[in-house]
$ cat upload26.txt   # compact mmCIF, C-alpha atoms (C1' of nucleotides)
# COMPACT_ATOMS: atom_id res chain seq x y z
CA MET A 1 -12.82 72.45 -0.04
CA ALA A 2 -13.70 73.70 3.43
CA LYS A 3 -11.10 75.10 5.78
CA LYS A 4 -8.77 72.89 7.71
CA ASN A 5 -10.14 73.76 11.10
CA GLY A 6 -13.89 73.39 11.19
CA GLU A 7 -15.08 71.11 13.95
CA LYS A 8 -16.12 68.60 11.31
CA TYR A 9 -12.58 68.48 9.99
CA GLN A 10 -11.36 67.37 13.38
CA ALA A 11 -14.33 65.07 13.88
CA ILE A 12 -13.55 63.28 10.64
CA ILE A 13 -9.90 62.83 11.52
CA ASP A 14 -10.73 61.54 14.97
CA ALA A 15 -13.35 59.23 13.53
CA ALA A 16 -10.80 57.87 11.10
CA VAL A 17 -8.41 57.07 13.93
CA LYS A 18 -11.11 55.31 15.86
CA VAL A 19 -12.48 53.34 12.93
CA ILE A 20 -9.08 52.28 11.62
CA ALA A 21 -7.94 51.26 15.08
CA SER A 22 -11.08 49.21 15.65
CA TYR A 23 -11.63 47.64 12.27
CA GLY A 24 -8.21 47.76 10.65
CA TYR A 25 -7.08 49.64 7.60
CA HIS A 26 -8.70 47.29 5.14
CA ASN A 27 -12.09 47.57 6.79
CA ALA A 28 -12.14 51.29 7.29
CA GLN A 29 -14.52 52.33 4.55
CA VAL A 30 -15.37 55.94 3.95
CA SER A 31 -18.96 55.31 4.93
CA LYS A 32 -17.89 53.83 8.26
CA ILE A 33 -15.70 56.83 9.01
CA ALA A 34 -18.53 59.14 8.03
CA ARG A 35 -20.98 57.39 10.30
CA GLU A 36 -18.55 57.50 13.22
CA ALA A 37 -17.99 61.21 12.62
CA GLY A 38 -21.73 61.79 12.45
CA VAL A 39 -21.67 63.19 8.91
CA ALA A 40 -22.72 61.95 5.50
CA ASP A 41 -20.29 60.18 3.17
CA GLY A 42 -20.28 63.15 0.84
CA THR A 43 -19.40 65.60 3.58
CA ILE A 44 -15.98 64.06 3.88
CA TYR A 45 -15.34 65.26 0.35
CA LEU A 46 -16.12 68.81 1.37
CA TYR A 47 -13.23 68.72 3.81
CA PHE A 48 -10.80 66.40 2.09
CA GLU A 49 -9.79 65.78 -1.50
CA ASN A 50 -10.24 62.05 -1.22
CA LYS A 51 -9.76 59.20 1.20
CA ASP A 52 -5.98 59.33 0.92
CA ASP A 53 -6.08 62.96 1.90
CA VAL A 54 -7.92 62.02 5.10
CA LEU A 55 -5.20 59.55 6.03
CA ILE A 56 -2.30 61.81 5.17
CA SER A 57 -3.88 64.70 7.04
CA LEU A 58 -4.46 62.51 10.05
CA PHE A 59 -0.84 61.50 10.15
CA LYS A 60 0.34 65.05 9.63
CA GLU A 61 -1.85 66.44 12.39
CA LYS A 62 -1.03 63.83 14.98
CA MET A 63 2.61 63.27 14.20
CA GLY A 64 3.16 66.99 13.82
CA ALA A 65 1.84 67.58 17.32
CA PHE A 66 4.01 64.81 18.66
CA ILE A 67 7.16 66.19 17.07
CA LYS A 68 6.41 69.60 18.48
CA ALA A 69 5.92 68.19 21.96
CA THR A 70 9.12 66.21 21.68
CA ARG A 71 11.09 69.25 20.63
CA ALA A 72 9.65 71.20 23.56
CA CYS A 73 10.67 68.45 25.94
CA LEU A 74 14.19 68.21 24.60
CA ASP A 75 14.63 71.94 24.96
CA GLN A 76 14.33 71.45 28.70
CA GLN A 77 17.48 69.38 28.77
CA PHE A 78 21.01 70.51 28.20
CA HIS A 79 23.12 67.38 27.99
CA ALA A 80 22.76 65.16 24.96
CA GLU A 81 22.61 62.13 27.18
CA GLU A 82 19.53 63.51 28.88
CA LYS A 83 18.05 64.66 25.62
CA LEU A 84 18.40 61.15 24.29
CA ARG A 85 16.60 59.83 27.31
CA GLY A 86 13.89 62.43 26.79
CA LEU A 87 13.48 61.34 23.19
CA ILE A 88 13.08 57.70 24.12
CA HIS A 89 10.71 58.59 26.90
CA MET A 90 8.51 60.78 24.74
CA HIS A 91 8.36 58.18 22.02
CA LEU A 92 7.30 55.35 24.28
CA ARG A 93 5.01 57.43 26.45
CA GLN A 94 3.17 58.84 23.45
CA SER A 95 2.49 55.35 22.18
CA SER A 96 1.33 54.13 25.57
CA GLN A 97 -1.01 56.98 26.11
CA ASP A 98 -2.96 56.97 22.90
CA ARG A 99 -3.40 53.33 22.04
CA ASN A 100 -5.70 53.95 19.09
CA LEU A 101 -3.34 56.41 17.55
CA ALA A 102 -0.42 54.07 18.09
CA ILE A 103 -2.22 51.24 16.35
CA VAL A 104 -3.09 53.45 13.43
CA THR A 105 0.30 55.00 12.87
CA GLN A 106 2.44 51.99 13.74
CA ILE A 107 0.49 49.19 12.14
CA GLU A 108 -2.48 50.14 10.07
CA LEU A 109 -1.35 53.09 8.02
CA ARG A 110 1.69 51.15 6.91
CA GLN A 111 -0.61 49.02 4.85
CA SER A 112 -1.77 51.97 2.83
CA ASN A 113 -1.08 52.73 -0.80
CA PRO A 114 2.01 54.53 -2.13
CA ALA A 115 0.46 58.00 -2.13
CA VAL A 116 -0.30 57.83 1.57
CA ARG A 117 3.01 56.30 2.45
CA GLU A 118 4.82 59.09 0.68
CA GLY A 119 2.89 61.65 2.68
CA ILE A 120 3.78 59.79 5.85
CA ASN A 121 7.44 59.59 5.00
CA LYS A 122 7.65 63.30 4.51
CA VAL A 123 6.45 63.87 8.05
CA LEU A 124 8.71 61.18 9.44
CA LYS A 125 11.75 62.92 7.97
CA GLU A 126 11.13 65.73 10.38
CA TYR A 127 11.27 63.33 13.26
CA LEU A 128 14.53 61.89 11.99
CA ASP A 129 15.87 65.43 12.02
CA VAL A 130 15.13 65.68 15.72
CA ILE A 131 17.09 62.49 16.32
CA ASP A 132 19.95 63.81 14.22
CA GLU A 133 20.16 66.96 16.24
CA VAL A 134 20.56 65.02 19.44
CA ILE A 135 23.36 62.92 18.01
CA ILE A 136 25.20 65.90 16.63
CA LEU A 137 24.94 67.73 19.91
CA GLY A 138 26.20 64.67 21.73
CA LYS A 139 29.30 64.63 19.62
CA GLU A 140 29.87 68.33 20.14
CA GLN A 141 29.56 67.87 23.87
CA LYS A 142 32.05 64.97 23.58
CA ILE A 143 29.52 62.80 25.30
CA PHE A 144 29.08 60.60 22.25
CA ARG A 145 32.00 59.05 20.43
CA HIS A 146 33.26 61.04 17.53
CA ASP A 147 33.55 58.06 15.26
CA VAL A 148 29.96 56.85 15.37
CA GLU A 149 28.38 57.38 12.00
CA GLN A 150 25.52 59.82 12.09
CA ARG A 151 23.28 57.90 9.71
CA ILE A 152 23.80 54.63 11.46
CA ALA A 153 23.17 55.95 14.93
CA ARG A 154 19.96 57.50 13.64
CA LYS A 155 18.83 54.21 12.15
CA MET A 156 19.58 52.42 15.38
CA ILE A 157 17.62 54.86 17.50
CA PHE A 158 14.64 55.09 15.22
CA GLY A 159 14.66 51.43 14.27
CA THR A 160 14.81 50.26 17.84
CA LEU A 161 12.07 52.53 19.11
CA ASP A 162 9.85 51.71 16.19
CA GLU A 163 10.34 48.01 16.69
CA ALA A 164 9.75 48.34 20.42
CA VAL A 165 6.39 50.01 19.90
CA THR A 166 5.30 47.71 17.10
CA SER A 167 6.05 44.56 19.01
CA TRP A 168 4.40 45.96 22.12
CA ILE A 169 1.20 46.49 20.16
CA MET A 170 1.46 43.12 18.47
CA ASN A 171 1.73 41.51 21.88
CA ASP A 172 -1.48 43.20 22.98
CA ARG A 173 0.34 45.71 25.14
CA LYS A 174 0.89 43.22 27.88
CA TYR A 175 3.67 45.11 29.65
CA ASP A 176 4.45 48.68 30.56
CA LEU A 177 6.12 50.24 27.57
CA VAL A 178 7.57 53.16 29.49
CA SER A 179 9.54 50.78 31.69
CA LEU A 180 11.73 50.12 28.68
CA VAL A 181 13.03 53.66 28.62
CA ASP A 182 16.04 53.17 30.85
CA PRO A 183 17.16 49.80 29.55
CA ILE A 184 17.02 51.11 26.02
CA HIS A 185 18.84 54.28 26.96
CA ASP A 186 21.51 52.22 28.66
CA LEU A 187 21.88 49.91 25.66
CA PHE A 188 22.20 52.84 23.26
CA LEU A 189 24.87 54.45 25.38
CA ASN A 190 26.91 51.47 26.50
CA GLY A 191 26.25 48.73 23.99
CA LEU A 192 26.16 45.02 24.54
CA LYS A 193 29.75 44.38 25.43
CA SER A 194 30.78 43.67 28.98
CA VAL A 195 33.63 45.73 30.32
CA MET B 196 -4.20 21.58 -5.14
CA ALA B 197 -1.05 20.52 -6.96
CA LYS B 198 2.15 19.66 -5.14
CA LYS B 199 4.41 22.31 -3.73
CA ASN B 200 7.32 21.57 -6.02
CA GLY B 201 6.20 21.48 -9.63
CA GLU B 202 8.13 23.86 -11.83
CA LYS B 203 5.01 25.96 -12.20
CA TYR B 204 4.82 26.41 -8.44
CA GLN B 205 8.26 27.97 -8.47
CA ALA B 206 7.53 29.90 -11.64
CA ILE B 207 4.49 31.50 -10.03
CA ILE B 208 6.38 32.47 -6.90
CA ASP B 209 9.23 33.96 -8.88
CA ALA B 210 6.79 35.78 -11.11
CA ALA B 211 5.08 37.20 -8.05
CA VAL B 212 8.38 38.57 -6.73
CA LYS B 213 9.15 40.14 -10.06
CA VAL B 214 5.72 41.64 -10.61
CA ILE B 215 5.37 43.00 -7.09
CA ALA B 216 8.86 44.48 -7.16
CA SER B 217 8.19 46.16 -10.51
CA TYR B 218 4.63 47.32 -10.12
CA GLY B 219 4.15 47.48 -6.36
CA TYR B 220 1.84 45.47 -4.17
CA HIS B 221 -1.28 47.37 -5.14
CA ASN B 222 -0.69 46.84 -8.83
CA ALA B 223 0.24 43.21 -8.70
CA GLN B 224 -2.95 41.63 -9.99
CA VAL B 225 -3.29 37.90 -10.28
CA SER B 226 -3.53 38.17 -14.04
CA LYS B 227 -0.25 40.07 -14.21
CA ILE B 228 1.50 37.45 -12.12
CA ALA B 229 0.01 34.71 -14.28
CA ARG B 230 1.19 36.36 -17.47
CA GLU B 231 4.70 36.81 -16.08
CA ALA B 232 4.76 33.15 -15.04
CA GLY B 233 3.53 32.07 -18.47
CA VAL B 234 0.39 30.40 -17.15
CA ALA B 235 -3.31 31.19 -17.19
CA ASP B 236 -4.99 33.02 -14.34
CA GLY B 237 -6.83 29.89 -13.31
CA THR B 238 -3.66 27.82 -13.14
CA ILE B 239 -2.55 29.80 -10.12
CA TYR B 240 -5.53 28.37 -8.28
CA LEU B 241 -4.36 24.87 -9.02
CA TYR B 242 -1.19 25.53 -7.08
CA PHE B 243 -2.36 27.97 -4.43
CA GLU B 244 -5.51 28.39 -2.41
CA ASN B 245 -5.86 32.04 -3.28
CA LYS B 246 -3.79 35.14 -3.83
CA ASP B 247 -2.90 35.46 -0.16
CA ASP B 248 -1.53 31.94 -0.25
CA VAL B 249 0.81 32.92 -3.07
CA LEU B 250 2.18 35.79 -1.02
CA ILE B 251 2.55 33.84 2.19
CA SER B 252 4.21 30.96 0.38
CA LEU B 253 6.58 33.32 -1.31
CA PHE B 254 7.63 34.78 2.00
CA LYS B 255 7.97 31.37 3.60
CA GLU B 256 10.10 29.97 0.80
CA LYS B 257 12.43 32.91 0.53
CA MET B 258 12.74 33.83 4.17
CA GLY B 259 13.01 30.19 5.15
CA ALA B 260 16.00 29.77 2.87
CA PHE B 261 17.56 32.90 4.26
CA ILE B 262 17.18 31.79 7.86
CA LYS B 263 18.71 28.46 7.02
CA ALA B 264 21.68 30.11 5.35
CA THR B 265 22.12 32.43 8.29
CA ARG B 266 22.12 29.57 10.77
CA ALA B 267 24.70 27.74 8.66
CA CYS B 268 26.91 30.80 8.63
CA LEU B 269 26.66 31.35 12.37
CA ASP B 270 27.62 27.75 13.00
CA GLN B 271 30.99 28.55 11.50
CA GLN B 272 31.74 31.00 14.29
CA PHE B 273 32.41 30.27 17.88
CA HIS B 274 32.44 33.61 19.67
CA ALA B 275 29.17 35.46 20.08
CA GLU B 276 30.84 38.66 18.98
CA GLU B 277 31.72 37.06 15.65
CA LYS B 278 28.31 35.45 15.37
CA LEU B 279 26.73 38.83 15.81
CA ARG B 280 28.88 40.18 13.04
CA GLY B 281 27.91 37.22 10.87
CA LEU B 282 24.25 37.93 11.51
CA ILE B 283 24.55 41.55 10.53
CA HIS B 284 26.58 40.63 7.49
CA MET B 285 24.15 38.00 6.28
CA HIS B 286 21.21 40.30 6.76
CA LEU B 287 22.66 43.17 4.79
CA ARG B 288 24.28 41.03 2.13
CA GLN B 289 21.08 39.14 1.45
CA SER B 290 19.22 42.38 0.88
CA SER B 291 21.95 43.75 -1.37
CA GLN B 292 22.09 40.69 -3.50
CA ASP B 293 18.47 40.18 -4.36
CA ARG B 294 17.05 43.63 -4.85
CA ASN B 295 13.67 42.47 -6.04
CA LEU B 296 13.22 40.18 -3.12
CA ALA B 297 14.32 42.91 -0.73
CA ILE B 298 11.77 45.32 -2.14
CA VAL B 299 9.03 42.76 -1.88
CA THR B 300 9.72 41.61 1.65
CA GLN B 301 10.80 44.93 3.13
CA ILE B 302 8.35 47.30 1.53
CA GLU B 303 5.62 45.80 -0.54
CA LEU B 304 4.39 42.82 1.44
CA ARG B 305 4.02 45.02 4.49
CA GLN B 306 1.10 46.66 2.75
CA SER B 307 -0.76 43.40 2.56
CA ASN B 308 -3.89 42.41 4.40
CA PRO B 309 -4.01 40.87 7.89
CA ALA B 310 -4.02 37.26 6.74
CA VAL B 311 -0.78 37.68 4.84
CA ARG B 312 0.84 39.68 7.59
CA GLU B 313 0.08 36.99 10.09
CA GLY B 314 1.72 34.40 7.87
CA ILE B 315 4.74 36.65 7.56
CA ASN B 316 5.02 37.22 11.27
CA LYS B 317 5.09 33.53 11.97
CA VAL B 318 8.14 33.14 9.78
CA LEU B 319 9.78 36.22 11.24
CA LYS B 320 9.52 34.75 14.74
CA GLU B 321 11.98 32.11 13.66
CA TYR B 322 14.43 34.77 12.70
CA LEU B 323 14.03 36.48 16.03
CA ASP B 324 14.90 33.16 17.62
CA VAL B 325 18.21 33.15 15.79
CA ILE B 326 18.95 36.59 17.16
CA ASP B 327 18.01 35.47 20.65
CA GLU B 328 20.38 32.56 20.51
CA VAL B 329 23.28 34.83 19.70
CA ILE B 330 22.49 37.12 22.59
CA ILE B 331 22.12 34.27 25.05
CA LEU B 332 25.37 32.74 23.94
CA GLY B 333 27.09 36.09 24.27
CA LYS B 334 26.01 36.31 27.87
CA GLU B 335 27.15 32.78 28.59
CA GLN B 336 30.52 33.53 27.11
CA LYS B 337 30.63 36.67 29.27
CA ILE B 338 31.23 38.67 26.12
CA PHE B 339 27.95 40.53 26.48
CA ARG B 340 26.90 42.25 29.66
CA HIS B 341 24.81 40.19 31.95
CA ASP B 342 22.35 42.96 32.65
CA VAL B 343 21.23 43.71 29.13
CA GLU B 344 17.64 42.68 28.71
CA GLN B 345 17.17 39.90 26.21
CA ARG B 346 14.01 41.32 24.68
CA ILE B 347 15.39 44.77 24.33
CA ALA B 348 18.65 43.71 22.77
CA ARG B 349 16.67 41.65 20.28
CA LYS B 350 14.51 44.62 19.37
CA MET B 351 17.56 46.78 18.92
CA ILE B 352 19.28 44.31 16.63
CA PHE B 353 16.26 43.51 14.53
CA GLY B 354 14.90 47.04 14.51
CA THR B 355 18.18 48.55 13.44
CA LEU B 356 18.85 46.07 10.65
CA ASP B 357 15.33 46.34 9.39
CA GLU B 358 15.46 50.10 9.35
CA ALA B 359 18.86 50.04 7.67
CA VAL B 360 17.58 47.92 4.80
CA THR B 361 14.32 49.80 4.44
CA SER B 362 15.95 53.19 4.28
CA TRP B 363 18.57 51.89 1.86
CA ILE B 364 15.82 50.77 -0.51
CA MET B 365 13.88 53.99 -0.04
CA ASN B 366 16.99 55.94 -0.98
CA ASP B 367 17.29 53.97 -4.23
CA ARG B 368 20.18 51.89 -2.94
CA LYS B 369 22.64 54.69 -3.51
CA TYR B 370 25.37 53.33 -1.26
CA ASP B 371 26.91 49.98 -0.48
CA LEU B 372 24.79 48.39 2.18
CA VAL B 373 27.40 45.86 3.21
CA SER B 374 29.77 48.64 4.16
CA LEU B 375 27.49 49.30 7.13
CA VAL B 376 28.29 45.96 8.70
CA ASP B 377 31.24 47.01 10.80
CA PRO B 378 29.92 50.37 11.94
CA ILE B 379 26.69 48.72 13.04
CA HIS B 380 28.54 45.93 14.76
CA ASP B 381 30.67 48.44 16.56
CA LEU B 382 27.67 50.47 17.63
CA PHE B 383 25.86 47.41 18.95
CA LEU B 384 28.86 46.35 20.96
CA ASN B 385 30.16 49.65 22.26
CA GLY B 386 27.25 52.05 22.17
CA LEU B 387 27.27 55.75 21.59
CA LYS B 388 29.12 56.92 24.63
CA SER B 389 32.71 58.06 24.45
CA VAL B 390 35.09 56.52 26.91
C1' DT C 391 -0.12 -1.91 -33.56
C1' DG C 392 -4.15 0.91 -34.04
C1' DT C 393 -8.36 2.67 -31.94
C1' DT C 394 -11.15 4.33 -28.30
C1' DT C 395 -11.88 6.10 -23.68
C1' DT C 396 -10.71 8.39 -19.61
C1' DC C 397 -8.39 11.72 -17.08
C1' DG C 398 -6.98 15.90 -15.25
C1' DA C 399 -3.91 19.86 -15.93
C1' DG C 400 -4.54 24.05 -18.01
C1' DT C 401 -7.36 27.93 -19.81
C1' DG C 402 -9.39 32.67 -19.78
C1' DA C 403 -13.83 35.00 -20.33
C1' DA C 404 -17.57 35.94 -17.34
C1' DT C 405 -19.22 36.82 -12.72
C1' DG C 406 -20.11 39.17 -8.72
C1' DC C 407 -18.64 41.89 -4.98
C1' DT C 408 -16.69 45.79 -2.76
C1' DC C 409 -16.11 50.43 -2.23
C1' DA C 410 -14.59 55.41 -3.44
C1' DT C 411 -16.57 59.04 -5.48
C1' DT C 412 -20.22 61.89 -7.53
C1' DC C 413 -24.09 64.94 -7.88
C1' DA C 414 -28.97 66.14 -7.87
C1' DC C 415 -31.38 67.37 -4.16
C1' DT C 416 -32.63 69.45 0.67
C1' DA C 417 -32.20 72.30 4.74
C1' DT C 418 -30.48 76.28 6.92
C1' DC C 419 -28.86 80.73 7.56
C1' DG C 420 -28.10 85.73 6.80
C1' DC D 421 -34.43 84.52 -1.58
C1' DG D 422 -29.73 83.49 -2.91
C1' DA D 423 -25.91 81.14 -1.10
C1' DT D 424 -23.71 77.62 1.33
C1' DA D 425 -23.19 73.24 3.83
C1' DG D 426 -24.72 68.86 4.04
C1' DT D 427 -26.89 64.54 2.29
C1' DG D 428 -26.89 59.63 0.77
C1' DA D 429 -28.49 56.78 -3.09
C1' DA D 430 -26.62 55.64 -7.47
C1' DT D 431 -22.63 54.88 -10.33
C1' DG D 432 -18.89 52.54 -12.21
C1' DA D 433 -14.23 50.88 -11.94
C1' DG D 434 -11.24 47.40 -10.35
C1' DC D 435 -10.12 42.75 -9.59
C1' DA D 436 -10.14 37.99 -7.22
C1' DT D 437 -12.22 33.97 -8.14
C1' DT D 438 -14.91 30.56 -10.70
C1' DC D 439 -16.12 27.04 -13.95
C1' DA D 440 -17.42 25.21 -18.45
C1' DC D 441 -14.51 23.96 -21.77
C1' DT D 442 -10.03 22.23 -24.39
C1' DC D 443 -6.57 19.06 -25.44
C1' DG D 444 -2.81 15.93 -25.11
C1' DA D 445 -1.35 11.89 -23.08
C1' DA D 446 -1.84 7.68 -20.77
C1' DA D 447 -4.74 3.47 -20.07
C1' DA D 448 -7.72 -0.01 -21.80
C1' DC D 449 -8.97 -2.77 -25.18
C1' DA D 450 -9.00 -5.86 -29.39

$ encode --input "upload26.txt" --output "structure tokens"
Amino acid sequence: MAKKNGEKYQAIIDAAVKVIASYGYHNAQVSKIAREAGVADGTIYLYFENKDDVLISLFKEKMGAFIKATRACLDQQFHAEEKLRGLIHMHLRQSSQDRNLAIVTQIELRQSNPAVREGINKVLKEYLDVIDEVIILGKEQKIFRHDVEQRIARKMIFGTLDEAVTSWIMNDRKYDLVSLVDPIHDLFLNGLKSV
Amino acid sequence: MAKKNGEKYQAIIDAAVKVIASYGYHNAQVSKIAREAGVADGTIYLYFENKDDVLISLFKEKMGAFIKATRACLDQQFHAEEKLRGLIHMHLRQSSQDRNLAIVTQIELRQSNPAVREGINKVLKEYLDVIDEVIILGKEQKIFRHDVEQRIARKMIFGTLDEAVTSWIMNDRKYDLVSLVDPIHDLFLNGLKSV
DNA sequence: TGTTTTCGAGTGAATGCTCATTCACTATCG
DNA sequence: CGATAGTGAATGAGCATTCACTCGAAAACA
């Protein structure tokens, strides 16, 4: 197994993103990915254990970078309210900016087999931790209500953002995703009820 | 193609739910479903066009019944606030009560191929309509803020409930899902912010 | 009523296709 | 000249779908 940083390693991962985004998960054969990466089928097995490993690695690489960037952004803010806005903004902007990646992680990879999904979930947990930290801080700063349940607030934030991106992709990205940042932020903070 | 109501038709659908829930989507072969239903492999093709058709039909049947029940429940309430609670309650209770079905619709069928997913999405649209109606009514009754965006509120409600059920299943249903109804309702209505 | 014929639901072994993976071979580099 | 990286045709496993056949029951007949 070759090292995780050769240029071919990256080329294969990027090819996988491109092929899966273009053809869909179920039509992303190893040979197609290999051709796109400009290597032979067998070469993929020099860099990855098997096809699953390609997919898991791709998710780890890309999502890992995104989580890191999000953390960096949140560190710029002090107030939980602003951090929450930063989180929403990062999430939606990321998806807008790399359409292929968004398609792959939001839609296509979710059709994968249990082994891959488990790998994905492990990485996602980290992201949920970031959300948790914002909520906890908000309570400490007395900006968020003390009686909102941690777990539930997390599910709302993640669930809403996830659904927003998925349905934006499903609707062929007809509108500007980032324009949803403030309305979502407002809804999270103030809820549906009129005063 | 036999009629959509023979006892075998139902038996096959129920067998599919059971097999998929037990073995997972990727290990739910036609022959396993046939055995569970007590029919021969070929018999399935007398009642369904192909395997995809079994899965789509299963989703239509089950989800259709659920939507109908939800509508009936909401009709009992007058105020949008109570209807919203009814919606949340129905959603979580349904998932609690039929664990196999919840696993199949929430987790397993999402791994299916594009044809099946399209069928599923069509049915889901109907459910989104139910959500929309509640939001619109809430605005009319001046119970919900006038400036919340329809689309976004819908995504929040659906996204949160969906995530709640999925993560409950993923965590082996360790807690009582229905106990989340009121906290979620409260969060939707009042948001995170402290007064 | 008894006998023959037709019908079609039901069967399940055989087919054929699609890939992931392997591995004997080649090219290149130090 | 090893050693290493890369190649891509061949392999074989998995599985949806087919179709020639079975069999019981209803229809036709006498």

$ atom_distance --input "upload26.txt" --atom1 "atom CA of Ser31 of chain A" --atom2 "atom C1' of DT412 of chain C"
14.1 Å

$ residues_around --input "upload26.txt" --residues "DG400 of chain C" --least-positions-apart "2" --cutoff "12 Å" --atoms "only C-alpha atoms (C1' of nucleotides)" --output "list in words"
Lys203, Gly233, Val234, Ala235, Asp236, Gly237, Thr238, Ile239, Tyr240, Leu241 and Tyr242 of chain B; DG398 and DG402 of chain C; DC441, DT442, DC443 and DG444 of chain D

$ interface_residues --input "upload26.txt" --of "chain A" --to "chain C" --cutoff "8 Å" --atoms "all atoms listed in the file" --output "mmCIF file with C-alpha atoms, in the coordinates of the input"
data_model
loop_
_atom_site.group_PDB
_atom_site.id
_atom_site.type_symbol
_atom_site.label_atom_id
_atom_site.label_comp_id
_atom_site.auth_asym_id
_atom_site.auth_seq_id
_atom_site.Cartn_x
_atom_site.Cartn_y
_atom_site.Cartn_z
ATOM 1 C CA GLN A 29 -14.520 52.330 4.550
ATOM 2 C CA VAL A 30 -15.370 55.940 3.950
ATOM 3 C CA LYS A 51 -9.760 59.200 1.200
#

$ closest_residue --input "upload26.txt" --among "B:Asp247, B:Phe383, B:Glu277, B:Glu231" --to "Thr160 of chain A" --atoms "only C-alpha atoms"
B:Phe383

$ atom_distance --input "upload26.txt" --atom1 "atom CA of Tyr175 of chain A" --atom2 "atom CA of Phe66 of chain A"
22.6 Å

$ atom_distance --input "upload26.txt" --atom1 "atom CA of Gln77 of chain A" --atom2 "atom CA of Lys139 of chain A"
15.7 Å

$ interface_residues --input "upload26.txt" --of "chain D" --to "chain B" --cutoff "10 Å" --atoms "only C-alpha atoms (C1' of nucleotides)" --output "list in words"
DC435, DA436, DT437, DT438 and DC439 of chain D

$ interface_residues --input "upload26.txt" --of "chain B" --to "chain A" --cutoff "6 Å" --atoms "all atoms listed in the file" --output "PyMOL selection string"
chain B and resi 306+338-340+350-351+354-355+358+383-389

$ closest_residue --input "upload26.txt" --among "A:Leu74, A:Leu177, A:Ala34, A:Ile120" --to "Leu137 of chain A" --atoms "only C-alpha atoms"
A:Leu74
